[in-house]
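Visitor: So here's my_file.txt (compact mmCIF, C-alpha atoms).
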# COMPACT_ATOMS: atom_id res chain seq x y z
CA MET F 1 0.00 0.00 0.00
CA LYS F 2 1.26 3.43 -0.89
CA GLU F 3 0.61 6.48 1.31
CA TYR F 4 -0.05 9.91 -0.19
CA ASP F 5 -0.69 13.42 1.05
CA PHE F 6 -3.91 14.60 -0.63
CA LEU F 7 -2.73 18.06 -1.71
CA SER F 8 0.70 16.79 -2.82
CA LEU F 9 -0.96 14.06 -4.87
CA LEU F 10 -3.32 16.62 -6.38
CA LYS F 11 -0.37 18.82 -7.33
CA SER F 12 1.77 15.98 -8.72
CA GLN F 13 -1.07 14.51 -10.81
CA GLU F 14 0.56 11.08 -10.26
CA LEU F 15 -2.80 9.26 -10.28
CA LYS F 16 -4.72 11.71 -12.51
CA ASN F 17 -5.48 9.09 -15.18
CA THR F 18 -5.82 6.13 -12.81
CA GLU F 19 -9.27 4.65 -12.28
CA ALA F 20 -10.05 4.27 -8.59
CA VAL F 21 -12.62 2.84 -6.22
CA ILE F 22 -12.64 5.14 -3.24
CA THR F 23 -13.98 5.43 0.27
CA ILE F 24 -13.71 8.64 2.25
CA GLY F 25 -14.01 9.04 5.99
CA VAL F 26 -12.40 9.87 9.29
CA PHE F 27 -12.08 6.18 10.28
CA ASP F 28 -11.33 7.51 13.73
CA GLY F 29 -11.86 4.29 15.67
CA PHE F 30 -11.58 1.38 13.28
CA HIS F 31 -14.72 -0.74 13.74
CA LEU F 32 -16.99 -3.15 11.85
CA GLY F 33 -18.71 -0.35 9.93
CA HIS F 34 -15.35 0.90 8.62
CA ARG F 35 -14.26 -2.62 7.72
CA THR F 36 -17.50 -3.07 5.77
CA LEU F 37 -16.79 0.04 3.68
CA ILE F 38 -13.22 -1.01 2.98
CA LYS F 39 -14.17 -4.58 2.06
CA LYS F 40 -16.74 -3.15 -0.37
CA VAL F 41 -14.03 -0.95 -1.92
CA LYS F 42 -11.83 -4.03 -2.49
CA GLU F 43 -14.77 -5.99 -3.91
CA GLU F 44 -15.70 -3.19 -6.33
CA SER F 45 -12.08 -2.57 -7.30
CA ASN F 46 -11.68 -6.25 -8.19
CA LYS F 47 -14.54 -5.80 -10.70
CA ILE F 48 -12.55 -3.10 -12.52
CA PRO F 49 -9.18 -4.69 -13.33
CA SER F 50 -7.49 -1.39 -14.23
CA SER F 51 -8.53 0.32 -10.98
CA ILE F 52 -6.84 0.85 -7.65
CA SER F 53 -8.54 0.74 -4.25
CA MET F 54 -8.21 3.95 -2.25
CA VAL F 55 -9.00 5.12 1.27
CA ILE F 56 -9.06 8.87 1.85
CA THR F 57 -8.92 9.95 5.48
CA PHE F 58 -7.99 12.96 7.59
CA SER F 59 -4.94 13.76 9.69
CA SER F 60 -7.30 15.01 12.40
CA ASN F 61 -11.01 14.74 12.96
CA PRO F 62 -12.78 17.47 10.97
CA LYS F 63 -15.87 17.37 13.18
CA PRO F 64 -16.01 20.48 15.34
CA GLY F 65 -15.96 20.41 19.09
CA LYS F 66 -14.82 17.59 21.32
CA PHE F 67 -14.43 14.91 18.63
CA ARG F 68 -10.96 13.41 18.44
CA ASN F 69 -9.59 10.40 16.69
CA ILE F 70 -9.61 7.27 18.82
CA ASP F 71 -6.89 5.61 16.76
CA THR F 72 -3.71 7.32 15.66
CA LEU F 73 -3.11 7.87 11.96
CA ARG F 74 -0.45 5.13 12.09
CA LEU F 75 -2.92 2.62 13.55
CA ARG F 76 -5.56 3.56 10.98
CA LYS F 77 -3.02 3.09 8.19
CA GLU F 78 -2.06 -0.34 9.57
CA GLU F 79 -5.71 -1.43 9.70
CA VAL F 80 -6.35 -0.25 6.14
CA GLU F 81 -3.19 -1.97 4.92
CA LYS F 82 -4.38 -5.27 6.44
CA GLU F 83 -7.44 -5.03 4.19
CA GLY F 84 -5.27 -4.96 1.06
CA ILE F 85 -5.99 -1.39 -0.05
CA ASP F 86 -3.66 0.04 -2.72
CA ALA F 87 -3.58 3.73 -1.75
CA PHE F 88 -3.96 5.48 1.62
CA VAL F 89 -4.50 9.21 1.09
CA VAL F 90 -4.34 11.65 4.00
CA ILE F 91 -5.97 15.06 3.99
CA ASP F 92 -4.11 17.41 6.31
CA PHE F 93 -7.28 18.96 7.67
CA SER F 94 -6.88 22.69 8.24
CA HIS F 95 -9.05 25.78 8.48
CA GLU F 96 -8.40 26.48 4.78
CA PHE F 97 -9.43 22.95 3.82
CA SER F 98 -12.60 23.26 5.91
CA MET F 99 -13.69 26.16 3.68
CA ILE F 100 -13.88 24.02 0.52
CA SER F 101 -17.42 23.59 -0.76
CA ALA F 102 -18.92 20.16 -1.40
CA SER F 103 -18.75 20.72 -5.17
CA GLY F 104 -15.19 22.03 -4.83
CA PHE F 105 -14.18 18.86 -3.02
CA ILE F 106 -15.74 16.70 -5.76
CA GLU F 107 -13.80 18.68 -8.38
CA MET F 108 -10.59 18.12 -6.40
CA LEU F 109 -11.36 14.42 -6.10
CA SER F 110 -11.94 14.11 -9.84
CA SER F 111 -8.61 15.90 -10.48
CA LEU F 112 -6.85 13.53 -8.09
CA THR F 113 -7.86 10.36 -9.94
CA VAL F 114 -10.65 8.93 -12.11
CA PRO F 115 -13.31 8.04 -9.51
CA LYS F 116 -15.16 5.02 -10.96
CA THR F 117 -16.91 4.09 -7.71
CA VAL F 118 -17.24 5.85 -4.36
CA VAL F 119 -18.31 3.87 -1.30
CA VAL F 120 -19.52 5.80 1.76
CA GLY F 121 -21.70 5.30 4.80
CA GLU F 122 -25.21 6.69 4.85
CA ASP F 123 -24.17 9.37 7.37
CA PHE F 124 -21.30 10.68 5.21
CA ARG F 125 -21.19 14.50 4.96
CA PHE F 126 -18.65 16.80 3.34
CA GLY F 127 -18.02 20.41 2.37
CA ASN F 128 -18.02 23.57 4.45
CA PRO F 129 -21.11 24.14 6.60
CA SER F 130 -22.66 26.68 4.23
CA SER F 131 -22.45 24.30 1.26
CA ALA F 132 -22.33 20.87 2.89
CA ALA F 133 -23.58 17.81 1.07
CA SER F 134 -24.44 14.26 2.07
CA SER F 135 -23.91 10.79 0.66
CA GLN F 136 -27.22 11.23 -1.20
CA ASP F 137 -25.75 14.19 -3.14
CA LEU F 138 -22.63 12.48 -4.43
CA GLY F 139 -24.11 11.09 -7.64
CA SER F 140 -25.52 14.42 -8.81
CA LEU F 141 -22.32 16.29 -7.89
CA PHE F 142 -20.27 13.88 -10.02
CA ASN F 143 -22.84 14.14 -12.82
CA ASN F 144 -22.63 17.95 -12.67
CA ILE F 145 -18.97 17.75 -13.72
CA GLY F 146 -19.62 15.15 -16.40
CA LEU F 147 -18.64 12.00 -14.54
CA ASP F 148 -20.69 8.83 -14.34
CA THR F 149 -19.31 7.72 -10.99
CA LYS F 150 -21.08 4.82 -9.29
CA VAL F 151 -22.00 5.72 -5.70
CA ILE F 152 -22.57 2.99 -3.15
CA ILE F 153 -24.12 4.06 0.13
CA GLU F 154 -23.73 1.45 2.84
CA LYS F 155 -26.34 1.21 5.58
CA ALA F 156 -25.16 1.46 9.16
CA ILE F 157 -24.09 -1.77 10.85
CA LEU F 158 -26.10 -2.43 14.01
CA THR F 159 -25.19 -4.12 17.27
CA GLU F 160 -27.25 -7.09 18.45
CA GLY F 161 -29.20 -4.56 20.52
CA GLY F 162 -30.05 -2.53 17.42
CA GLU F 163 -27.69 0.38 18.05
CA LYS F 164 -25.63 1.84 15.21
CA ILE F 165 -22.00 0.77 15.49
CA SER F 166 -19.93 3.95 15.63
CA SER F 167 -16.73 5.31 17.09
CA THR F 168 -18.85 7.26 19.58
CA LEU F 169 -20.52 4.07 20.78
Would you write the structure of this file as structure tokens?

Guide:
Amino acid sequence: MKEYDFLSLLKSQELKNTEAVITIGVFDGFHLGHRTLIKKVKEESNKIPSSISMVITFSSNPKPGKFRNIDTLRLRKEEVEKEGIDAFVVIDFSHEFSMISASGFIEMLSSLTVPKTVVVGEDFRFGNPSSAASSQDLGSLFNNIGLDTKVIIEKAILTEGGEKISSTL
């Protein structure tokens, strides 16, 4: 597995023409829900022989307030690597990055690589607060820039008691 810095990769254009199956998330406390997303990325990537599997995560938790990563970036990378992912891309989350609109992020993502499939959880949100979007918006945002990217939205994994498995839980 190769590790990349998001902005450096964007600037270098190293993967610009590479088809990719991608998941994006904080992956702050690696649990069954995260593993489900990553296994789906591998499964979908195997269907597109020319593609790579990619996990995009954040150096720090972008959620405001008291949220912090449970696992270190190194531990998250190790867990992703165990799943056989090809590329681990880290966004150095900053105030400037937090100002990017949802559509701006999709444009950056499509300049980073050729996103064939994006796999996210149903609670996935992105973009600055004034122009935030959800997992439901991904398809239309890709279509708006002329891409026919397949979007797979995974339902939450529940405990035996019916609670959503999450890092918070």

Visitor: So, counting all atoms listed in the file, which residue among F:Glu44, F:Met99, F:Met54, F:Leu15 is closest to Pro129 (chain F)?

Guide: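 Ranked by minimum distance to Pro129 (chain F), first place goes to F:Met99.
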
Visitor: Given the point (-15.1, -2.4, 3.4) in the file's coordinates, find the residues that have an atom at most 10 Å from it, counting all atoms listed in the file, and give them as a PyMOL selection string.

Guide: chain F and resi 23+32-44+55+80+83+85+119-120+154

Visitor: By how many Å are CA of Pro115 (chain F) and CA of Val90 (chain F) apart?

Guide: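 Separation of CA of Pro115 (chain F) and CA of Val90 (chain F): 16.6 Å.
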
Visitor: Between CA of Ser51 (chain F) and CA of Glu78 (chain F), what is the distance in Å, rounded to a tenth?

Guide: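 Computing the Euclidean distance for CA of Ser51 (chain F) and CA of Glu78 (chain F) yields 21.6 Å.
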
Visitor: Looking at F:Ala20, F:Arg74, F:Phe6, F:Glu81, which one is nearest to Phe97 (chain F), with distances taken over only C-alpha atoms?

Guide: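 Checking each candidate against Phe97 (chain F), we get F:Phe6 as the closest.
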
Visitor: Select, from F:Lys155, F:Lys11, F:Lys116, F:Arg125, the residue with the minimum atom-to-atom distance to Ser50 (chain F), counting only C-alpha atoms.

Guide: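 For Ser50 (chain F), the nearest of the given residues is F:Lys116.
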
Visitor: Return as AutoDock Vina command-line options the box centre and box size in Å, one decimal, for an axis-aligned box around all listed atoms of region 90-95 of chain F padded by 5 Å per side.

Guide:
--center_x -6.6 --center_y 18.7 --center_z 6.2 --size_x 14.9 --size_y 24.1 --size_z 14.5

Visitor: Do a neighbour search on Phe142 (chain F) at 10 Å with only C-alpha atoms, toss out local chain neighbours closer than 5 positions, and write the hits as a list in words.

Guide: Ser103, Ile106, Glu107, Leu109, Ser110, Pro115, Asp137, Leu147, Asp148, Thr149, Lys150 and Val151 of chain F

Visitor: Can you pull out the residues contacting Thr57 (chain F)? Cut-off 10 Å, using all atoms listed in the file, and skip same-chain residues under 5 positions away; I want them as a PDB file with C-alpha atoms, in the frame of the given file.

Guide:
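What landed in out02.pdb:
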ATOM      1  CA  ASP F   5      -0.690  13.420   1.050  1.00  0.00           C
ATOM      2  CA  PHE F   6      -3.910  14.600  -0.630  1.00  0.00           C
ATOM      3  CA  THR F  23     -13.980   5.430   0.270  1.00  0.00           C
ATOM      4  CA  ILE F  24     -13.710   8.640   2.250  1.00  0.00           C
ATOM      5  CA  GLY F  25     -14.010   9.040   5.990  1.00  0.00           C
ATOM      6  CA  VAL F  26     -12.400   9.870   9.290  1.00  0.00           C
ATOM      7  CA  PHE F  27     -12.080   6.180  10.280  1.00  0.00           C
ATOM      8  CA  ASP F  28     -11.330   7.510  13.730  1.00  0.00           C
ATOM      9  CA  LEU F  73      -3.110   7.870  11.960  1.00  0.00           C
ATOM     10  CA  ARG F  76      -5.560   3.560  10.980  1.00  0.00           C
ATOM     11  CA  LYS F  77      -3.020   3.090   8.190  1.00  0.00           C
ATOM     12  CA  PHE F  88      -3.960   5.480   1.620  1.00  0.00           C
ATOM     13  CA  VAL F  89      -4.500   9.210   1.090  1.00  0.00           C
ATOM     14  CA  VAL F  90      -4.340  11.650   4.000  1.00  0.00           C
ATOM     15  CA  ILE F  91      -5.970  15.060   3.990  1.00  0.00           C
ATOM     16  CA  ASP F  92      -4.110  17.410   6.310  1.00  0.00           C
ATOM     17  CA  PHE F  93      -7.280  18.960   7.670  1.00  0.00           C
TER      18      PHE F  93
END

Visitor: Can you tell me how far CA of Phe126 (chain F) sits from CA of Met108 (chain F), in Å to one decimal?

Guide: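 So the answer is 12.7 Å.
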
Visitor: At a cut-off of 6 Å from (-25.9, 9.7, 4.4) in the coordinates of the file, what residues are picked up using all atoms listed in the file, written as a list in words?

Guide: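 Residues close enough to count: Glu122, Asp123, Phe124, Ser134, Ser135 and Gln136 of chain F.
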
Visitor: Between F:Ser45, F:Thr113, F:His95, F:Asp86, single out the one closest to Ser60 (chain F), counting all atoms listed in the file.

Guide: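 Nearest to Ser60 (chain F): F:His95.
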
Visitor: Could you check the closest approach to Glu79 (chain F) for each of F:Phe30, F:Tyr4, F:Phe105, F:Phe58 and tell me which residue wins, using all atoms listed in the file?

Guide: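 Checking each candidate against Glu79 (chain F), we get F:Phe30 as the closest.
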
Visitor: F:Gly121, F:Gly139, F:Gly84, F:Gly127: which is nearest Glu96 (chain F), counting only C-alpha atoms?

Guide: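 Among the listed residues, F:Gly127 lies closest to Glu96 (chain F).
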